[in-house]
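K.L.:
My questions will all concern the structure given below.
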Amino acid sequence: MNTTVTLLTDFGRRDPYLAETKAALVRQWSRFTDERPWPRIIDLGHDLEPGDVAGAAWFLERVARQFPDGTVHVAVVDPGVGTSRPALAVHAQGQFFVAPGNGLLGFLARREDLEVVRLDNPLYHAAPPGLPLSTTFHGRDIFAPAAAHLAMGAPLAQVGTRGCPADLGPAPAPVRPTPERLGTIVWIDRFGNALTDLPRSSELGIELAGGADIEVAGERVSGPVLAFAAGTDDEPFWYWGSGGTLEIALRGRSAAARLGLRRGLVIRRVDP
Amino acid sequence: MNTTVTLLTDFGRRDPYLAETKAALVRQWSRFTDERPWPRIIDLGHDLEPGDVAGAAWFLERVARQFPDGTVHVAVVDPGVGTSRPALAVHAQGQFFVAPGNGLLGFLARREDLEVVRLDNPLYHAAPPGLPLSTTFHGRDIFAPAAAHLAMGAPLAQVGTRGCPADLGPAPAPVRPTPERLGTIVWIDRFGNALTDLPRSSELGIELAGGADIEVAGERVSGPVLAFAAGTDDEPFWYWGSGGTLEIALRGRSAAARLGLRRGLVIRRVDP
Amino acid sequence: MNTTVTLLTDFGRRDPYLAETKAALVRQWSRFTDERPWPRIIDLGHDLEPGDVAGAAWFLERVARQFPDGTVHVAVVDPGVGTSRPALAVHAQGQFFVAPGNGLLGFLARREDLEVVRLDNPLYHAAPPGLPLSTTFHGRDIFAPAAAHLAMGAPLAQVGTRGCPADLGPAPAPVRPTPERLGTIVWIDRFGNALTDLPRSSELGIELAGGADIEVAGERVSGPVLAFAAGTDDEPFWYWGSGGTLEIALRGRSAAARLGLRRGLVIRRVDP
């Protein structure tokens, strides 16, 4: 028994909310009287912009599959907390996902082995001692307790009632690269690199691999280079990033700052 | 044996101090030759403003009771490190607290089952290999070693000598809500929500529950609403927060920025 | 089996890279079918400036020795990722170090019991499911897998081929304090204290201990004081810091801001 629970939120780290979510996990585990070691908690990230559901979805889709089978992923970016959006637990491809049904898990919709439950079993809701269930903090009172039980081996059907893929909320439109719209910038990282959603393994990705120019923000960018150090100091370049998609960088400084790159910008193919 | 040690500090995360505190825990545990799994370390928060003892006390009082019995809470906001303020370990309501006696643990003073010791047993002080005991980093050399031993089951009396509640330092004055001073803003969170200390369960809290206006920073605020999404976009509202006290928010943006809210501001009842 | 893996990077905490590095550790551990509890992961720090190899080296040298024998330290500040700089695993004084050979581990060069291997065994490289090995993220695909195996007891020679101390990259010049150059500021902490590299145990350190003035940034600073609270509010002072070297501070506020201190500034002895 070496299970992992991961946490991805927009809580930041200054407020008590992240600590309370972890307390909710540990409190459930302390009720098991057996000798099993408790699951491990791993922080995926807590610095998403408040309410950035799309960013959380991109992050989780990229990172979740890198964890082993049996991992329980708790993702809480939940601007609609307390409204009618369902609270969900999902089993897909050997892992568990616990999150609001606001599109955060939309990327799972195409999985064949998908099981969805709505976390409406009050036996698995839990407020801290002395407090009523909150309407504004389901991460602590609904998502964490469900995740705690799943990580200890509870079956999905036990923590909620059967839902359906539509409960996941809006699914992202499938990406169909064209030369006019190879892809979109989906993340700017700390180093100022721009990550796009154009897969290396797509038809157009394979075409570009031999060497091609792209255009973004009115600027022409050549590639692919094999490593950052292969780029020049003054010219931005593109390369196949560690997530399997096209990225744009500048050696030793921020391409995003230099070129004015930001999430949502489109990259285009440029004829040589 | 599934013990937890929590850490709450004003160390930030860029400097080596937090890592050194964790090393001090692990180093003590490595000296136990038995096969028990080591306790788990959970970060409560490290981004308190330097020296913000009151903020740390509020944070710890809110979060500590959400952890199970046996948890060891280490809290280090210690601007008087190296002066005569005592270093303490406390047992209260089934949990342990390790912190300076500067008021950080003042909220425990009213607990009936309180046991306090001063961490003056040099056998439980420990500097890293090759260094003398520091006068400026008791988190690493005094608090962490004591916590490490408590988490492995050492009795409180072993790590120090008997102290008294006065060692805790200043206790917060009990909150007595009046219509003119329902409470005070005690925290502004990442979302710009203002958390106050007016309990939902107080007499005045119960009075307000049916619907009432309050005034803060010269602005009238209505409530309670049941969830963020129930509020309007332009008007701030109040609601019962997840900590059981009155909070003030604005849908989708920062009420604190819009209304100029900050810690210490008083909320008043307004006649309808 | 209570091993620890520490992580020190310039990844920040907003991007997916740190989470992916941890996933790489856990994924390797999940392949061990035995019942051993997995090693513990401890974050040393992730907020180093991008590419700050010297800062990472200072941080790791200070903190690593505070962990117990058998600890595996993974340090990834790697601006030359994908170039010819080797990827290394090192055994020194009972601990393991996994890092690029760019000088980050240069401080180990003088250790007598040093063993170095180059991480060129493809059996111990691993990309996430569905992705090729990256050229830009060796932290995830090369360093973490090697560290995962070392933490589970793999011998150093298994994860790579024999290297030599020169692979570590540039070693820091030995510090030789003189009155004209007692030392250099090597870190400014969150509190605005300036940490230097002048050891308390050096000959000049011992001379200063009785009381001496130093000069830094054109300002005269007296010391040593025994604790922060012993300093005055207006005058900066120096003291022996918790790392065993001279530090400069101001009571209750930032000495760095007040005096314009920054990394690299030299401190000099001033005749009384």
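Every chain in the structure tokens has a letter given in the order shown (A, B, ...), and although residue numbers restart at 1 in each chain, ligands are simply numbered from 1 in the order shown.
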When you get a sec, could you note down which chain B residues fall within 7 Å of chain A, using only C-alpha atoms, as number ranges by chain?
P.N.:
B: 2, 44-45, 47-48, 59, 63, 66-68, 189-191, 226-227, 229, 241-242, 244
K.L.:
With C-alpha atoms retained, could you export that selection as an mmCIF file, in the first residue's frame?
P.N.:
```
data_model
loop_
_atom_site.group_PDB
_atom_site.id
_atom_site.type_symbol
_atom_site.label_atom_id
_atom_site.label_comp_id
_atom_site.auth_asym_id
_atom_site.auth_seq_id
_atom_site.Cartn_x
_atom_site.Cartn_y
_atom_site.Cartn_z
ATOM 1 C CA ASN B 2 0.934 7.474 11.596
ATOM 2 C CA LEU B 44 0.718 24.656 7.142
ATOM 3 C CA GLY B 45 2.137 27.870 5.728
ATOM 4 C CA ASP B 47 4.365 33.032 3.928
ATOM 5 C CA LEU B 48 3.301 34.888 7.064
ATOM 6 C CA PHE B 59 -3.875 30.685 11.491
ATOM 7 C CA VAL B 63 -6.258 24.994 11.508
ATOM 8 C CA GLN B 66 -8.742 20.134 12.216
ATOM 9 C CA PHE B 67 -5.872 17.656 12.618
ATOM 10 C CA PRO B 68 -6.268 14.403 14.515
ATOM 11 C CA ASP B 189 -7.345 35.868 1.653
ATOM 12 C CA ARG B 190 -5.929 35.382 -1.842
ATOM 13 C CA PHE B 191 -9.338 35.898 -3.412
ATOM 14 C CA LEU B 226 -25.485 31.047 0.792
ATOM 15 C CA ALA B 227 -22.734 30.788 -1.796
ATOM 16 C CA ALA B 229 -22.411 32.539 -6.909
ATOM 17 C CA GLY B 241 -17.442 31.437 5.964
ATOM 18 C CA SER B 242 -15.910 27.998 6.189
ATOM 19 C CA GLY B 244 -17.632 29.572 11.145
#
```
K.L.:
Mind checking DSSP for range 111-200 of chain A and telling me the strand (DSSP E) residues as a ChimeraX atom specification?
P.N.:
/A:115-118,161-162,183-188,194-199
K.L.:
To one decimal place, how far is CA of Gly210 in chain B from CA of Arg176 in chain B in Å?
P.N.:
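Computed distance, CA of Gly210 in chain B to CA of Arg176 in chain B, equals 20.4 Å.
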K.L.:
Write out as a PyMOL selection string each polymer residue whose atoms come within 10 Å of Leu123 in chain B, counting only C-alpha atoms; drop sequence neighbours fewer than 6 positions from it.
P.N.:
chain B and resi 145-146+158-160
K.L.:
Could you state the separation of CA of Pro199 in chain C and CA of Asn102 in chain C in Å, given to one decimal place?
P.N.:
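Separation of CA of Pro199 in chain C and CA of Asn102 in chain C: 25.5 Å.
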K.L.:
Please compute the CA of Arg118 in chain C-CA of Ala64 in chain C distance, one decimal, in Å.
P.N.:
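Distance reported for this atom pair: 20.7 Å.
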K.L.:
Tell me, which residues of range 31-231 of chain C carry DSSP helix (DSSP H, G or I), written as a VMD selection string?
P.N.:
chain C and resid 53 to 64 106 to 108 122 to 124 138 to 151 156 to 159 165 to 168 203 to 208 228 to 230
